[in-house]
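Here is the structure we will look at.
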Amino acid sequence: MNIRGLLRGVRIHARDPRAQQPSDRTLLHLLSVQIQNFLTELNVYGNNYSVDETVLTVTPNTGEYLIGVEGFGKPIEVRTRHLADPAYTERTIDFFELGDLHYQWDLPNNFGQAYWQDGSPNSTQRIAFYRRQGNIYARVLPVPAQPGQLSIIYQVGVFGSTTPLGEDVLVPEHHALLEVRTALVALPHCEWFDSEDANQARRKELAVSLADQRDALTKTFRANIINQTASTEPDYREVWSFDD
């Protein structure tokens, strides 16, 4: 289970709150804290695990951009931004290997409109991250016809010049505990209805059920830690995957 899989699980445990209530950005930051706590309890990593965000402004007729952010470790999520419209619903941009960016791409490279109309100047539908001469670049498709902004959420860190940019923390066991913990702390940010009274009632209901799940999962988790040996300790490792 990787970051995106955990994020989907959090939304399910929170009974699918409205889009942007909370946003994936908020959930990723909350999830990163829970992952750090999880790894600390396991005493797996000595380094902090955290996520941050940077904004990439795309310009007309330019498809390649330098990611000049100190501490840019690995991209986790890319979303469109359109601050001029408060009601705009962000969409997720798909990741591709650089060599696969044009695979089954049947539109002109400079196609200036999004395939579906989302009410913003953001036409980006694909993005690839890659290294060149020690720097990290992003290439977008189609090449923008209008200025726009993309929000890039990334794992903070320095992973060396040869580490794949798509590597992610893999949590093969106890991922449900991470999801439930994150859903519980995300409840104040969640909305499901137009009525705030109805939202408050659902938060209270979920707080009880999620706390029960957390306590039960925590008992299993701690029992597993006590019983672990060097030969049975799971492999919490970095893997090449965004969507597994």
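Labeling convention for the structure tokens: chains A, B, ... as they appear, residues from 1 per chain, ligands from 1 in order of appearance.
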If you run DSSP on the backbone here, which positions in segment 24-87 of chain A get helix (DSSP H, G or I)? Please write them as a VMD selection string. chain A and resid 24 to 42
Compile the contact shell of segment 18-27 of chain A as a PyMOL selection string: residues with an atom at most 6 Å away, counting only C-alpha atoms, same-chain residues fewer than 6 positions apart removed. chain A and resi 189-192
If we count only C-alpha atoms, what is near Arg15 of chain A at a cut-off of 10 Å, once residues fewer than 5 positions away on the same chain are taken out, given as JSON, numbers by chain? {"A": [9, 10, 183, 190, 192, 202, 206]}
Which residue of A:Asn61, A:Ser50, A:Thr218, A:Thr92 approaches Gly157 of chain A most closely, using only C-alpha atoms: A:Ser50
To one decimal place, how far is atom CA of Ile153 of chain A from atom CA of Arg203 of chain A in Å?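 If I compute the distance from atom CA of Ile153 of chain A to atom CA of Arg203 of chain A, I get 26.9 Å.
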Excluding Val180 of chain A and its own-chain neighbours fewer than 4 positions away, which residues fall within 9 Å of it when counting only C-alpha atoms? Please give them as an MDAnalysis selection string. chainID A and resid 9:10 13:14 175:176 184:185 210:211 213:214 217
Can you list, as a CSV table (one decimal) with N, CA and C atoms, in the first residue's frame, every residue of segment 6-232 of chain A that DSSP puts in strand (DSSP E or B)?
```csv
chain,number,residue,atom,x,y,z
A,51,VAL,N,5.7,16.0,4.2
A,51,VAL,CA,5.3,16.5,2.8
A,51,VAL,C,5.2,18.0,2.8
A,52,ASP,N,5.4,18.6,1.6
A,52,ASP,CA,5.3,20.0,1.4
A,52,ASP,C,4.7,20.2,0.1
A,53,GLU,N,4.5,21.5,-0.3
A,53,GLU,CA,3.8,21.8,-1.5
A,53,GLU,C,4.5,23.0,-2.2
A,54,THR,N,4.6,22.9,-3.5
A,54,THR,CA,5.1,24.0,-4.3
A,54,THR,C,4.1,24.3,-5.4
A,55,VAL,N,4.1,25.5,-6.0
A,55,VAL,CA,3.2,25.8,-7.1
A,55,VAL,C,4.1,26.0,-8.3
A,56,LEU,N,3.7,25.3,-9.4
A,56,LEU,CA,4.4,25.4,-10.7
A,56,LEU,C,3.5,26.2,-11.6
A,57,THR,N,4.0,27.4,-12.0
A,57,THR,CA,3.2,28.2,-13.0
A,57,THR,C,3.7,27.9,-14.4
A,58,VAL,N,2.7,27.4,-15.2
A,58,VAL,CA,3.0,27.1,-16.6
A,58,VAL,C,2.7,28.3,-17.4
A,64,GLU,N,8.5,22.4,-20.7
A,64,GLU,CA,9.5,21.8,-19.7
A,64,GLU,C,9.8,22.9,-18.7
A,65,TYR,N,9.8,22.5,-17.4
A,65,TYR,CA,10.0,23.4,-16.3
A,65,TYR,C,11.0,22.8,-15.3
A,66,LEU,N,11.9,23.7,-14.8
A,66,LEU,CA,12.8,23.3,-13.8
A,66,LEU,C,12.1,23.4,-12.4
A,72,PHE,N,13.2,19.1,-2.5
A,72,PHE,CA,12.2,18.4,-3.3
A,72,PHE,C,12.7,16.9,-3.4
A,73,GLY,N,12.0,16.1,-2.7
A,73,GLY,CA,12.4,14.7,-2.7
A,73,GLY,C,11.7,13.9,-3.8
A,74,LYS,N,10.4,13.6,-3.6
A,74,LYS,CA,9.6,12.8,-4.6
A,74,LYS,C,8.3,13.4,-4.7
A,75,PRO,N,7.8,13.6,-6.0
A,75,PRO,CA,6.4,14.1,-6.2
A,75,PRO,C,5.4,13.0,-5.7
A,76,ILE,N,4.3,13.5,-5.1
A,76,ILE,CA,3.3,12.6,-4.6
A,76,ILE,C,2.0,12.8,-5.4
A,77,GLU,N,1.7,14.1,-5.6
A,77,GLU,CA,0.4,14.4,-6.2
A,77,GLU,C,0.5,15.8,-6.9
A,78,VAL,N,-0.1,15.9,-8.1
A,78,VAL,CA,-0.1,17.1,-8.8
A,78,VAL,C,-1.6,17.5,-9.1
A,79,ARG,N,-2.0,18.7,-8.8
A,79,ARG,CA,-3.4,19.1,-8.9
A,79,ARG,C,-3.4,20.5,-9.6
A,80,THR,N,-4.5,20.7,-10.3
A,80,THR,CA,-4.7,22.0,-10.9
A,80,THR,C,-5.1,23.0,-9.9
A,81,ARG,N,-4.8,24.3,-10.1
A,81,ARG,CA,-5.2,25.4,-9.3
A,81,ARG,C,-5.9,26.5,-10.2
A,92,THR,N,-6.8,16.0,-10.6
A,92,THR,CA,-5.5,15.4,-10.4
A,92,THR,C,-4.9,15.1,-11.8
A,94,ASP,N,-2.2,13.1,-14.1
A,94,ASP,CA,-1.6,11.7,-14.1
A,94,ASP,C,-0.1,11.8,-14.3
A,95,PHE,N,0.6,10.9,-13.6
A,95,PHE,CA,2.1,10.8,-13.8
A,95,PHE,C,2.4,9.8,-14.9
A,126,ARG,N,-1.1,15.4,-18.5
A,126,ARG,CA,-0.1,14.5,-18.2
A,126,ARG,C,1.1,15.3,-17.7
A,127,ILE,N,1.9,14.6,-16.8
A,127,ILE,CA,3.2,15.2,-16.3
A,127,ILE,C,4.2,14.1,-16.1
A,128,ALA,N,5.4,14.5,-16.4
A,128,ALA,CA,6.6,13.5,-16.1
A,128,ALA,C,7.6,14.3,-15.4
A,129,PHE,N,8.2,13.7,-14.4
A,129,PHE,CA,9.4,14.2,-13.6
A,129,PHE,C,10.6,13.4,-14.0
A,130,TYR,N,11.7,14.1,-14.1
A,130,TYR,CA,13.0,13.5,-14.5
A,130,TYR,C,14.1,14.3,-14.1
A,131,ARG,N,15.3,13.7,-14.0
A,131,ARG,CA,16.6,14.4,-13.7
A,131,ARG,C,17.4,14.7,-14.9
A,132,ARG,N,18.1,15.8,-14.9
A,132,ARG,CA,19.0,16.1,-16.0
A,132,ARG,C,20.1,17.0,-15.4
A,135,ASN,N,19.6,18.2,-11.8
A,135,ASN,CA,18.4,19.0,-11.5
A,135,ASN,C,17.2,18.2,-11.9
A,136,ILE,N,16.1,18.6,-11.2
A,136,ILE,CA,14.8,17.9,-11.4
A,136,ILE,C,13.9,18.8,-12.3
A,137,TYR,N,13.4,18.2,-13.4
A,137,TYR,CA,12.5,18.9,-14.3
A,137,TYR,C,11.1,18.2,-14.4
A,138,ALA,N,10.2,19.0,-14.8
A,138,ALA,CA,8.8,18.5,-15.1
A,138,ALA,C,8.5,18.8,-16.5
A,139,ARG,N,7.9,17.9,-17.2
A,139,ARG,CA,7.4,18.1,-18.6
A,139,ARG,C,5.9,17.9,-18.6
A,140,VAL,N,5.1,18.8,-19.2
A,140,VAL,CA,3.7,18.7,-19.2
A,140,VAL,C,3.2,18.5,-20.6
A,141,LEU,N,2.0,17.8,-20.7
A,141,LEU,CA,1.3,17.6,-22.0
A,141,LEU,C,-0.2,17.8,-21.8
A,148,GLY,N,-1.2,29.1,-16.4
A,148,GLY,CA,-2.0,28.3,-15.4
A,148,GLY,C,-1.1,27.9,-14.3
A,149,GLN,N,-1.7,27.3,-13.2
A,149,GLN,CA,-0.9,26.9,-12.1
A,149,GLN,C,-1.2,25.4,-11.7
A,150,LEU,N,-0.2,24.7,-11.3
A,150,LEU,CA,-0.3,23.4,-10.8
A,150,LEU,C,0.3,23.3,-9.4
A,151,SER,N,-0.4,22.6,-8.5
A,151,SER,CA,0.1,22.4,-7.2
A,151,SER,C,0.8,21.1,-7.1
A,152,ILE,N,2.0,21.1,-6.7
A,152,ILE,CA,2.8,19.8,-6.6
A,152,ILE,C,3.0,19.5,-5.1
A,153,ILE,N,2.5,18.4,-4.7
A,153,ILE,CA,2.7,18.0,-3.3
A,153,ILE,C,3.8,16.9,-3.3
A,154,TYR,N,4.8,17.1,-2.5
A,154,TYR,CA,6.0,16.2,-2.6
A,154,TYR,C,6.5,15.8,-1.2
A,155,GLN,N,7.2,14.7,-1.2
A,155,GLN,CA,7.9,14.3,0.0
A,155,GLN,C,9.2,15.0,0.1
A,156,VAL,N,9.4,15.6,1.3
A,156,VAL,CA,10.7,16.3,1.6
A,156,VAL,C,11.8,15.4,1.8
A,167,GLU,N,9.7,6.6,-6.4
A,167,GLU,CA,9.7,5.7,-5.3
A,167,GLU,C,8.8,6.3,-4.2
A,168,ASP,N,8.2,5.4,-3.5
A,168,ASP,CA,7.3,5.8,-2.4
A,168,ASP,C,7.4,4.8,-1.2
A,169,VAL,N,7.0,5.3,-0.1
A,169,VAL,CA,7.0,4.5,1.1
A,169,VAL,C,6.0,3.4,1.0
```
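If you measure from each of A:Leu83, A:Pro142, A:Asp106, A:Gly99 to Gly119 of chain A using only C-alpha atoms, the closest one turns out to be A:Leu83.
In this structure, atom CA of Thr62 of chain A sits 26.7 Å away from atom CA of Pro86 of chain A.
Taking only C-alpha atoms into account, Ile3 of chain A lies nearest to A:Glu179 out of the set A:Asp215, A:Glu179, A:Asp16, A:Glu196.
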Point out the residue among A:Glu41, A:Asp100, A:Asp212, A:Asp194 with the least atom-to-atom distance to Pro17 of chain A, counting only C-alpha atoms.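 Smallest distance to Pro17 of chain A is found for A:Asp194.
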